[in-house]
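Listing of structure-v1.cif; format and content: mmCIF, N, CA and C atoms.
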```cif
data_target
loop_
_atom_site.label_atom_id
_atom_site.label_comp_id
_atom_site.auth_asym_id
_atom_site.auth_seq_id
_atom_site.Cartn_x
_atom_site.Cartn_y
_atom_site.Cartn_z
N MET A 242 -60.94 -43.86 -13.68
CA MET A 242 -60.33 -42.71 -13.03
C MET A 242 -60.12 -43.06 -11.57
N SER A 243 -58.91 -42.88 -11.08
CA SER A 243 -58.63 -43.20 -9.69
C SER A 243 -59.06 -42.05 -8.78
N THR A 244 -59.38 -42.43 -7.56
CA THR A 244 -59.67 -41.44 -6.53
C THR A 244 -58.61 -41.59 -5.47
N SER A 245 -58.72 -40.83 -4.40
CA SER A 245 -57.71 -40.94 -3.34
C SER A 245 -57.80 -42.27 -2.60
N THR A 246 -58.89 -43.03 -2.79
CA THR A 246 -59.03 -44.31 -2.09
C THR A 246 -58.88 -45.52 -3.01
N THR A 247 -58.74 -45.31 -4.30
CA THR A 247 -58.58 -46.42 -5.24
C THR A 247 -57.44 -46.13 -6.21
N ALA A 248 -56.98 -47.17 -6.86
CA ALA A 248 -56.02 -47.05 -7.96
C ALA A 248 -56.76 -47.38 -9.24
N SER A 249 -56.18 -47.06 -10.38
CA SER A 249 -56.79 -47.43 -11.66
C SER A 249 -55.74 -48.06 -12.56
N VAL A 250 -56.22 -48.84 -13.53
CA VAL A 250 -55.34 -49.61 -14.40
C VAL A 250 -55.76 -49.45 -15.86
N SER A 251 -54.79 -49.32 -16.74
CA SER A 251 -55.02 -49.38 -18.18
C SER A 251 -53.87 -50.17 -18.80
N THR A 252 -54.08 -50.62 -20.02
CA THR A 252 -53.04 -51.40 -20.70
C THR A 252 -53.17 -51.25 -22.21
N HIS A 253 -52.11 -51.57 -22.89
CA HIS A 253 -52.16 -51.74 -24.34
C HIS A 253 -51.12 -52.78 -24.74
N ILE A 254 -51.28 -53.35 -25.94
CA ILE A 254 -50.37 -54.39 -26.42
C ILE A 254 -49.84 -53.99 -27.79
N LEU A 255 -48.52 -54.07 -27.94
CA LEU A 255 -47.87 -53.87 -29.22
C LEU A 255 -47.27 -55.20 -29.65
N ASP A 256 -47.66 -55.68 -30.82
CA ASP A 256 -47.08 -56.89 -31.39
C ASP A 256 -45.76 -56.47 -32.05
N THR A 257 -44.65 -56.73 -31.38
CA THR A 257 -43.35 -56.28 -31.90
C THR A 257 -42.90 -57.09 -33.11
N SER A 258 -43.50 -58.25 -33.36
CA SER A 258 -43.15 -59.00 -34.56
C SER A 258 -43.71 -58.34 -35.81
N LEU A 259 -44.75 -57.53 -35.64
CA LEU A 259 -45.37 -56.82 -36.76
C LEU A 259 -45.15 -55.31 -36.69
N GLY A 260 -44.78 -54.82 -35.51
CA GLY A 260 -44.65 -53.39 -35.31
C GLY A 260 -46.00 -52.70 -35.31
N ARG A 261 -47.03 -53.43 -34.87
CA ARG A 261 -48.40 -52.91 -34.88
C ARG A 261 -49.12 -53.29 -33.59
N PRO A 262 -50.19 -52.56 -33.26
CA PRO A 262 -50.99 -52.92 -32.09
C PRO A 262 -51.60 -54.32 -32.27
N ALA A 263 -51.76 -55.02 -31.16
CA ALA A 263 -52.37 -56.35 -31.17
C ALA A 263 -53.86 -56.18 -30.88
N GLU A 264 -54.68 -56.38 -31.88
CA GLU A 264 -56.13 -56.22 -31.75
C GLU A 264 -56.80 -57.54 -31.41
N GLY A 265 -57.80 -57.48 -30.54
CA GLY A 265 -58.62 -58.65 -30.23
C GLY A 265 -58.07 -59.58 -29.17
N VAL A 266 -57.11 -59.14 -28.38
CA VAL A 266 -56.58 -59.98 -27.31
C VAL A 266 -57.46 -59.81 -26.07
N ALA A 267 -57.94 -60.92 -25.53
CA ALA A 267 -58.74 -60.88 -24.31
C ALA A 267 -57.83 -60.57 -23.12
N VAL A 268 -58.29 -59.65 -22.28
CA VAL A 268 -57.56 -59.25 -21.08
C VAL A 268 -58.50 -59.36 -19.89
N HIS A 269 -58.06 -60.05 -18.84
CA HIS A 269 -58.87 -60.21 -17.63
C HIS A 269 -58.16 -59.54 -16.47
N LEU A 270 -58.93 -58.87 -15.64
CA LEU A 270 -58.42 -58.12 -14.50
C LEU A 270 -58.88 -58.76 -13.20
N SER A 271 -57.93 -58.97 -12.30
CA SER A 271 -58.22 -59.49 -10.96
C SER A 271 -57.52 -58.61 -9.95
N ALA A 272 -58.02 -58.61 -8.72
CA ALA A 272 -57.42 -57.80 -7.65
C ALA A 272 -57.51 -58.55 -6.33
N ARG A 273 -56.67 -58.14 -5.41
CA ARG A 273 -56.75 -58.67 -4.05
C ARG A 273 -56.34 -57.56 -3.09
N SER A 274 -56.69 -57.75 -1.83
CA SER A 274 -56.45 -56.70 -0.83
C SER A 274 -55.35 -57.08 0.14
N GLY A 275 -54.41 -57.89 -0.28
CA GLY A 275 -53.26 -58.28 0.52
C GLY A 275 -52.64 -59.55 -0.01
N ARG A 276 -51.40 -59.81 0.37
CA ARG A 276 -50.68 -61.00 -0.13
C ARG A 276 -51.37 -62.30 0.20
N GLU A 277 -52.04 -62.35 1.32
CA GLU A 277 -52.62 -63.60 1.78
C GLU A 277 -54.08 -63.78 1.37
N THR A 278 -54.67 -62.82 0.68
CA THR A 278 -56.08 -62.93 0.29
C THR A 278 -56.22 -63.54 -1.09
N ASP A 279 -57.40 -64.05 -1.38
CA ASP A 279 -57.68 -64.66 -2.67
C ASP A 279 -57.89 -63.59 -3.74
N TRP A 280 -57.61 -63.96 -4.97
CA TRP A 280 -57.85 -63.06 -6.09
C TRP A 280 -59.36 -62.95 -6.33
N GLN A 281 -59.81 -61.75 -6.65
CA GLN A 281 -61.19 -61.49 -7.01
C GLN A 281 -61.22 -61.12 -8.48
N ALA A 282 -61.90 -61.92 -9.29
CA ALA A 282 -62.03 -61.59 -10.72
C ALA A 282 -62.95 -60.39 -10.86
N LEU A 283 -62.48 -59.37 -11.55
CA LEU A 283 -63.26 -58.14 -11.71
C LEU A 283 -63.91 -58.02 -13.08
N GLY A 284 -63.42 -58.76 -14.04
CA GLY A 284 -63.97 -58.69 -15.39
C GLY A 284 -62.87 -58.53 -16.40
N GLY A 285 -63.25 -58.18 -17.59
CA GLY A 285 -62.24 -58.06 -18.62
C GLY A 285 -62.72 -57.28 -19.82
N SER A 286 -61.91 -57.35 -20.84
CA SER A 286 -62.14 -56.60 -22.05
C SER A 286 -61.32 -57.27 -23.15
N ALA A 287 -61.27 -56.64 -24.29
CA ALA A 287 -60.40 -57.08 -25.38
C ALA A 287 -59.76 -55.84 -25.99
N THR A 288 -58.57 -56.01 -26.52
CA THR A 288 -57.88 -54.87 -27.11
C THR A 288 -58.57 -54.42 -28.39
N ASP A 289 -58.58 -53.11 -28.60
CA ASP A 289 -59.20 -52.54 -29.79
C ASP A 289 -58.16 -52.44 -30.92
N ALA A 290 -58.51 -51.78 -32.00
CA ALA A 290 -57.61 -51.66 -33.15
C ALA A 290 -56.32 -50.94 -32.82
N ASP A 291 -56.32 -50.16 -31.75
CA ASP A 291 -55.11 -49.46 -31.30
C ASP A 291 -54.37 -50.28 -30.24
N GLY A 292 -54.82 -51.51 -29.98
CA GLY A 292 -54.18 -52.39 -29.00
C GLY A 292 -54.50 -52.04 -27.55
N ARG A 293 -55.48 -51.16 -27.34
CA ARG A 293 -55.80 -50.67 -26.00
C ARG A 293 -57.06 -51.31 -25.44
N CYS A 294 -57.07 -51.47 -24.12
CA CYS A 294 -58.27 -51.85 -23.37
C CYS A 294 -58.76 -50.59 -22.67
N LYS A 295 -59.81 -50.01 -23.20
CA LYS A 295 -60.28 -48.74 -22.65
C LYS A 295 -61.38 -48.91 -21.62
N ASP A 296 -61.86 -50.11 -21.41
CA ASP A 296 -63.00 -50.30 -20.52
C ASP A 296 -62.76 -51.37 -19.45
N LEU A 297 -61.55 -51.40 -18.90
CA LEU A 297 -61.30 -52.32 -17.79
C LEU A 297 -62.10 -51.87 -16.56
N PRO A 298 -62.56 -52.82 -15.75
CA PRO A 298 -63.35 -52.45 -14.57
C PRO A 298 -62.53 -51.65 -13.56
N ASP A 299 -63.25 -50.89 -12.75
CA ASP A 299 -62.62 -50.14 -11.66
C ASP A 299 -62.11 -51.11 -10.59
N LEU A 300 -61.06 -50.71 -9.90
CA LEU A 300 -60.54 -51.51 -8.79
C LEU A 300 -61.33 -51.20 -7.52
N PRO A 301 -61.60 -52.22 -6.72
CA PRO A 301 -62.30 -51.96 -5.46
C PRO A 301 -61.40 -51.23 -4.46
N GLU A 302 -62.02 -50.52 -3.56
CA GLU A 302 -61.29 -49.86 -2.50
C GLU A 302 -60.52 -50.92 -1.70
N GLY A 303 -59.31 -50.60 -1.30
CA GLY A 303 -58.49 -51.53 -0.53
C GLY A 303 -57.62 -52.44 -1.36
N THR A 304 -57.64 -52.31 -2.70
CA THR A 304 -56.81 -53.14 -3.57
C THR A 304 -55.34 -52.86 -3.32
N THR A 305 -54.55 -53.92 -3.14
CA THR A 305 -53.11 -53.78 -2.98
C THR A 305 -52.32 -54.45 -4.10
N HIS A 306 -52.94 -55.45 -4.75
CA HIS A 306 -52.29 -56.18 -5.84
C HIS A 306 -53.27 -56.35 -6.99
N VAL A 307 -52.74 -56.27 -8.19
CA VAL A 307 -53.54 -56.41 -9.39
C VAL A 307 -52.88 -57.45 -10.30
N ARG A 308 -53.72 -58.20 -11.00
CA ARG A 308 -53.21 -59.16 -11.98
C ARG A 308 -53.93 -58.93 -13.30
N LEU A 309 -53.16 -58.77 -14.35
CA LEU A 309 -53.68 -58.71 -15.71
C LEU A 309 -53.33 -60.02 -16.40
N ASP A 310 -54.33 -60.72 -16.92
CA ASP A 310 -54.12 -61.96 -17.67
C ASP A 310 -54.44 -61.70 -19.13
N PHE A 311 -53.43 -61.88 -19.98
CA PHE A 311 -53.56 -61.66 -21.41
C PHE A 311 -53.65 -63.03 -22.10
N ALA A 312 -54.72 -63.30 -22.82
CA ALA A 312 -54.90 -64.57 -23.53
C ALA A 312 -54.36 -64.40 -24.95
N VAL A 313 -53.06 -64.62 -25.11
CA VAL A 313 -52.40 -64.30 -26.38
C VAL A 313 -52.39 -65.45 -27.39
N GLU A 314 -52.65 -66.67 -26.93
CA GLU A 314 -52.57 -67.81 -27.84
C GLU A 314 -53.55 -67.68 -29.01
N ALA A 315 -54.81 -67.33 -28.74
CA ALA A 315 -55.80 -67.20 -29.80
C ALA A 315 -55.40 -66.11 -30.79
N TYR A 316 -54.82 -65.02 -30.29
CA TYR A 316 -54.36 -63.94 -31.16
C TYR A 316 -53.31 -64.46 -32.16
N PHE A 317 -52.30 -65.17 -31.65
CA PHE A 317 -51.25 -65.66 -32.54
C PHE A 317 -51.73 -66.79 -33.44
N GLU A 318 -52.65 -67.63 -32.96
CA GLU A 318 -53.20 -68.67 -33.83
C GLU A 318 -53.94 -68.04 -35.01
N ALA A 319 -54.68 -66.97 -34.75
CA ALA A 319 -55.38 -66.28 -35.83
C ALA A 319 -54.39 -65.69 -36.83
N LYS A 320 -53.29 -65.12 -36.32
CA LYS A 320 -52.26 -64.56 -37.20
C LYS A 320 -51.62 -65.66 -38.04
N THR A 321 -51.35 -66.82 -37.43
CA THR A 321 -50.74 -67.94 -38.14
C THR A 321 -51.69 -68.48 -39.21
N ALA A 322 -52.97 -68.60 -38.87
CA ALA A 322 -53.95 -69.09 -39.84
C ALA A 322 -54.04 -68.14 -41.03
N LYS A 323 -54.00 -66.85 -40.78
CA LYS A 323 -54.05 -65.87 -41.87
C LYS A 323 -52.82 -65.99 -42.75
N LYS A 324 -51.65 -66.17 -42.13
CA LYS A 324 -50.43 -66.32 -42.92
C LYS A 324 -50.51 -67.57 -43.80
N GLN A 325 -51.01 -68.67 -43.23
CA GLN A 325 -51.11 -69.89 -44.01
C GLN A 325 -52.12 -69.73 -45.13
N ALA A 326 -53.21 -69.04 -44.85
CA ALA A 326 -54.22 -68.81 -45.89
C ALA A 326 -53.67 -67.95 -47.01
N ASP A 327 -52.80 -67.03 -46.66
CA ASP A 327 -52.17 -66.17 -47.66
C ASP A 327 -51.00 -66.86 -48.36
N ALA A 328 -50.66 -68.08 -47.90
CA ALA A 328 -49.58 -68.88 -48.49
C ALA A 328 -48.24 -68.17 -48.43
N GLN A 329 -47.99 -67.48 -47.36
CA GLN A 329 -46.69 -66.84 -47.18
C GLN A 329 -45.73 -67.86 -46.58
N GLN A 330 -44.54 -67.92 -47.09
CA GLN A 330 -43.53 -68.85 -46.60
C GLN A 330 -42.44 -68.09 -45.87
N ASP A 331 -42.78 -67.51 -44.75
CA ASP A 331 -41.85 -66.72 -43.94
C ASP A 331 -41.01 -67.67 -43.08
N ALA A 332 -39.72 -67.68 -43.28
CA ALA A 332 -38.85 -68.63 -42.59
C ALA A 332 -39.00 -68.62 -41.07
N PRO A 333 -39.00 -67.48 -40.37
CA PRO A 333 -39.16 -67.53 -38.91
C PRO A 333 -40.47 -68.15 -38.47
N ALA A 334 -41.53 -67.94 -39.22
CA ALA A 334 -42.83 -68.49 -38.83
C ALA A 334 -42.89 -69.99 -39.07
N ASN A 335 -42.04 -70.52 -39.94
CA ASN A 335 -42.10 -71.94 -40.29
C ASN A 335 -40.82 -72.68 -39.94
N ARG A 336 -40.09 -72.20 -38.96
CA ARG A 336 -38.79 -72.82 -38.69
C ARG A 336 -38.89 -74.17 -38.00
N ASP A 337 -40.03 -74.47 -37.41
CA ASP A 337 -40.23 -75.79 -36.82
C ASP A 337 -41.71 -76.10 -36.82
N SER A 338 -42.05 -77.26 -36.33
CA SER A 338 -43.46 -77.65 -36.34
C SER A 338 -44.11 -77.41 -34.99
N GLY A 339 -43.52 -76.57 -34.17
CA GLY A 339 -44.07 -76.28 -32.85
C GLY A 339 -45.28 -75.39 -32.91
N PRO A 340 -45.78 -75.02 -31.74
CA PRO A 340 -46.97 -74.17 -31.69
C PRO A 340 -46.70 -72.77 -32.23
N ALA A 341 -47.77 -72.06 -32.55
CA ALA A 341 -47.65 -70.71 -33.10
C ALA A 341 -47.16 -69.71 -32.07
N VAL A 342 -47.25 -70.08 -30.80
CA VAL A 342 -46.86 -69.17 -29.72
C VAL A 342 -46.25 -69.98 -28.58
N PHE A 343 -45.17 -69.51 -28.03
CA PHE A 343 -44.50 -70.20 -26.93
C PHE A 343 -45.19 -69.95 -25.59
N PHE A 344 -45.63 -68.71 -25.37
CA PHE A 344 -46.34 -68.34 -24.14
C PHE A 344 -47.82 -68.17 -24.48
N PRO A 345 -48.68 -69.15 -24.17
CA PRO A 345 -50.09 -69.02 -24.52
C PRO A 345 -50.83 -67.99 -23.69
N GLU A 346 -50.32 -67.69 -22.51
CA GLU A 346 -50.90 -66.70 -21.62
C GLU A 346 -49.79 -65.87 -21.01
N VAL A 347 -50.09 -64.63 -20.74
CA VAL A 347 -49.15 -63.76 -20.03
C VAL A 347 -49.90 -63.22 -18.82
N ALA A 348 -49.39 -63.50 -17.63
CA ALA A 348 -50.00 -63.01 -16.40
C ALA A 348 -49.02 -62.04 -15.74
N ILE A 349 -49.47 -60.82 -15.55
CA ILE A 349 -48.65 -59.78 -14.94
C ILE A 349 -49.29 -59.39 -13.61
N THR A 350 -48.52 -59.50 -12.54
CA THR A 350 -49.00 -59.14 -11.21
C THR A 350 -48.16 -57.99 -10.70
N PHE A 351 -48.82 -56.98 -10.13
CA PHE A 351 -48.10 -55.82 -9.63
C PHE A 351 -48.82 -55.22 -8.44
N ALA A 352 -48.07 -54.49 -7.63
CA ALA A 352 -48.60 -53.84 -6.43
C ALA A 352 -49.08 -52.44 -6.79
N VAL A 353 -50.14 -52.00 -6.12
CA VAL A 353 -50.69 -50.67 -6.35
C VAL A 353 -50.91 -49.95 -5.02
N VAL A 354 -50.96 -48.63 -5.11
CA VAL A 354 -51.31 -47.81 -3.95
C VAL A 354 -52.48 -46.91 -4.35
N PRO A 355 -53.34 -46.57 -3.40
CA PRO A 355 -54.50 -45.73 -3.71
C PRO A 355 -54.09 -44.40 -4.33
N GLY A 356 -54.93 -43.94 -5.24
CA GLY A 356 -54.72 -42.64 -5.86
C GLY A 356 -53.80 -42.63 -7.06
N GLU A 357 -53.16 -43.74 -7.35
CA GLU A 357 -52.23 -43.81 -8.49
C GLU A 357 -52.90 -44.47 -9.69
N HIS A 358 -52.46 -44.07 -10.88
CA HIS A 358 -52.89 -44.75 -12.10
C HIS A 358 -51.73 -45.60 -12.59
N TYR A 359 -52.03 -46.82 -13.02
CA TYR A 359 -51.02 -47.76 -13.50
C TYR A 359 -51.32 -48.13 -14.94
N HIS A 360 -50.47 -47.68 -15.86
CA HIS A 360 -50.58 -48.08 -17.25
C HIS A 360 -49.52 -49.15 -17.48
N VAL A 361 -49.96 -50.33 -17.94
CA VAL A 361 -49.06 -51.48 -18.04
C VAL A 361 -49.04 -51.97 -19.50
N PRO A 362 -48.11 -51.45 -20.31
CA PRO A 362 -47.99 -51.90 -21.69
C PRO A 362 -47.33 -53.27 -21.79
N LEU A 363 -47.80 -54.06 -22.74
CA LEU A 363 -47.22 -55.37 -23.02
C LEU A 363 -46.64 -55.32 -24.43
N LEU A 364 -45.33 -55.58 -24.54
CA LEU A 364 -44.65 -55.71 -25.83
C LEU A 364 -44.57 -57.20 -26.11
N LEU A 365 -45.12 -57.64 -27.21
CA LEU A 365 -45.38 -59.06 -27.42
C LEU A 365 -44.87 -59.54 -28.76
N ASN A 366 -44.34 -60.76 -28.79
CA ASN A 366 -44.06 -61.47 -30.03
C ASN A 366 -44.31 -62.95 -29.77
N PRO A 367 -44.31 -63.81 -30.76
CA PRO A 367 -44.68 -65.21 -30.53
C PRO A 367 -43.77 -65.96 -29.56
N PHE A 368 -42.57 -65.47 -29.32
CA PHE A 368 -41.63 -66.23 -28.50
C PHE A 368 -41.12 -65.47 -27.28
N GLY A 369 -41.72 -64.32 -26.98
CA GLY A 369 -41.30 -63.57 -25.81
C GLY A 369 -42.17 -62.36 -25.58
N TYR A 370 -41.96 -61.74 -24.44
CA TYR A 370 -42.70 -60.52 -24.12
C TYR A 370 -41.93 -59.69 -23.12
N SER A 371 -42.30 -58.43 -23.03
CA SER A 371 -41.74 -57.50 -22.07
C SER A 371 -42.87 -56.62 -21.57
N VAL A 372 -42.76 -56.20 -20.33
CA VAL A 372 -43.80 -55.37 -19.73
C VAL A 372 -43.14 -54.32 -18.86
N TYR A 373 -43.79 -53.19 -18.69
CA TYR A 373 -43.21 -52.13 -17.86
C TYR A 373 -44.33 -51.23 -17.37
N ARG A 374 -44.03 -50.40 -16.38
CA ARG A 374 -45.01 -49.40 -15.94
C ARG A 374 -44.86 -48.18 -16.83
N GLY A 375 -45.91 -47.91 -17.57
CA GLY A 375 -45.92 -46.77 -18.48
C GLY A 375 -46.52 -45.56 -17.82
N SER A 376 -46.88 -44.61 -18.65
CA SER A 376 -47.47 -43.38 -18.12
C SER A 376 -48.78 -43.09 -18.82
#
```
Encoded form using structure tokens:
Amino acid sequence: MSTSTTASVSTHILDTSLGRPAEGVAVHLSARSGRETDWQALGGSATDADGRCKDLPDLPEGTTHVRLDFAVEAYFEAKTAKKQADAQQDAPANRDSGPAVFFPEVAITFAVVPGEHYHVPLLLNPFGYSVYRGS
């Protein structure tokens, strides 16, 4: 919950290749108090069955920039392993011998102001992603 001196952040992930929430994706939160300052790791969480991180750490007073790091490679590797175990021969998943995911990590950096809440949804598939400020 944000106060007049801090901002707050929440996120969720939708796997658009499945049309379902992405469960079990590790998310790490970092903050800094200006463009020239170092990032401070605040902690992290993992997405739940609804694709949401409900327990991200609070932002420290004076935060001006936030970075969310999504570790998506392990999520897609698990999905690929399950598909292979199920012996599904889905053409898009097997179109080449490349990795299961093109972007192994997604790092989103954004500016914040005190007193505002920032919900940052990630729309994800193995070969691309989109992000926006939600509500």
Long-range neighbours of Leu309 in chain A as a VMD selection string, 8 Å cut-off, only N, CA and C atoms, 3 positions minimum in chain: chain A and resid 268 to 272 306 312 347 to 351
Considering all atoms listed in the file, tabulate each residue of range 251-336 of chain A that lies at most 8 Å from range 356-373 of chain A along with its nearest interatomic pair and the corresponding distance in Å to one decimal; arrange the rows by chain and ascending residue number and present them as CSV.
```
residue,atom,partner,partner_atom,distance
A:Ser251,C,A:Val361,N,4.0
A:Thr252,CA,A:Val361,C,4.2
A:His253,C,A:Leu363,N,4.1
A:Ile254,CA,A:Leu363,C,4.3
A:Leu255,C,A:Leu365,N,4.1
A:Asp256,CA,A:Leu365,C,4.3
A:Thr257,N,A:Leu365,C,3.8
A:Ser258,N,A:Asn366,CA,4.7
A:Leu259,N,A:Asn366,CA,6.9
A:Phe317,CA,A:Pro367,CA,6.9
```
Residue among A:Pro301, A:Pro345, A:Gly375, A:Gly265 lying closest to Ala248 in chain A, counting all atoms listed in the file: A:Pro301
One-decimal distance in Å that lies between CA of Thr247 in chain A and atom N of Pro355 in chain A: 5.6 Å
DSSP helix (DSSP H, G or I) residues within chain A, listed as a PyMOL selection string: chain A and resi 314-326+332-335
Interatomic distance (Å, one decimal) between CA of Leu300 in chain A and CA of Arg261 in chain A: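 So the answer is 28.8 Å.
Proximity to range 296-299 of chain A at 6.5 Å, evaluated using only N, CA and C atoms and with sequence-adjacent residues fewer than 2 positions away removed, yields Ser249, Leu283, Gly284, Gly285, Ser286, Arg293, Cys294 and Pro301 of chain A.
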Distance of atom C of Gly303 in chain A from atom C of Val266 in chain A, expressed in Å to one decimal place: 25.8 Å
Nearest residue to Glu302 in chain A from the set A:Glu264, A:Arg273, A:Thr288, A:Glu346 (distances using all atoms listed in the file):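 Looking at the shortest contact to Glu302 in chain A, the residue is A:Arg273.
Across A:Ala290, A:Val250, A:Val353, A:Val342, the tightest approach to Val307 in chain A is made by A:Val353 when counting only N, CA and C atoms.
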Please define a box with edges along x, y and z of the file around all atoms of range 268-286 of chain A given in the file, extend it by 5 Å on each side, and return its centre and edge lengths in Å to one decimal, as AutoDock Vina command-line options.
```
--center_x -57.3 --center_y -60.6 --center_z -10.7 --size_x 23.3 --size_y 18.1 --size_z 34.9
```
Distance criterion (only C-alpha atoms): nearest to Asp310 in chain A out of A:Asp291, A:Arg374, A:Phe344, A:Arg276: A:Phe344
Those of range 242-373 of chain A in DSSP strand (DSSP E), formatted as a ChimeraX atom specification: /A:249-256,261-262,267-273,281-287,293-294,306-312,346-352,358-366,369-372
Counting only C-alpha atoms, the option among A:Ala341, A:Asp289, A:Pro262, A:Thr246 closest to Ala315 in chain A: A:Ala341
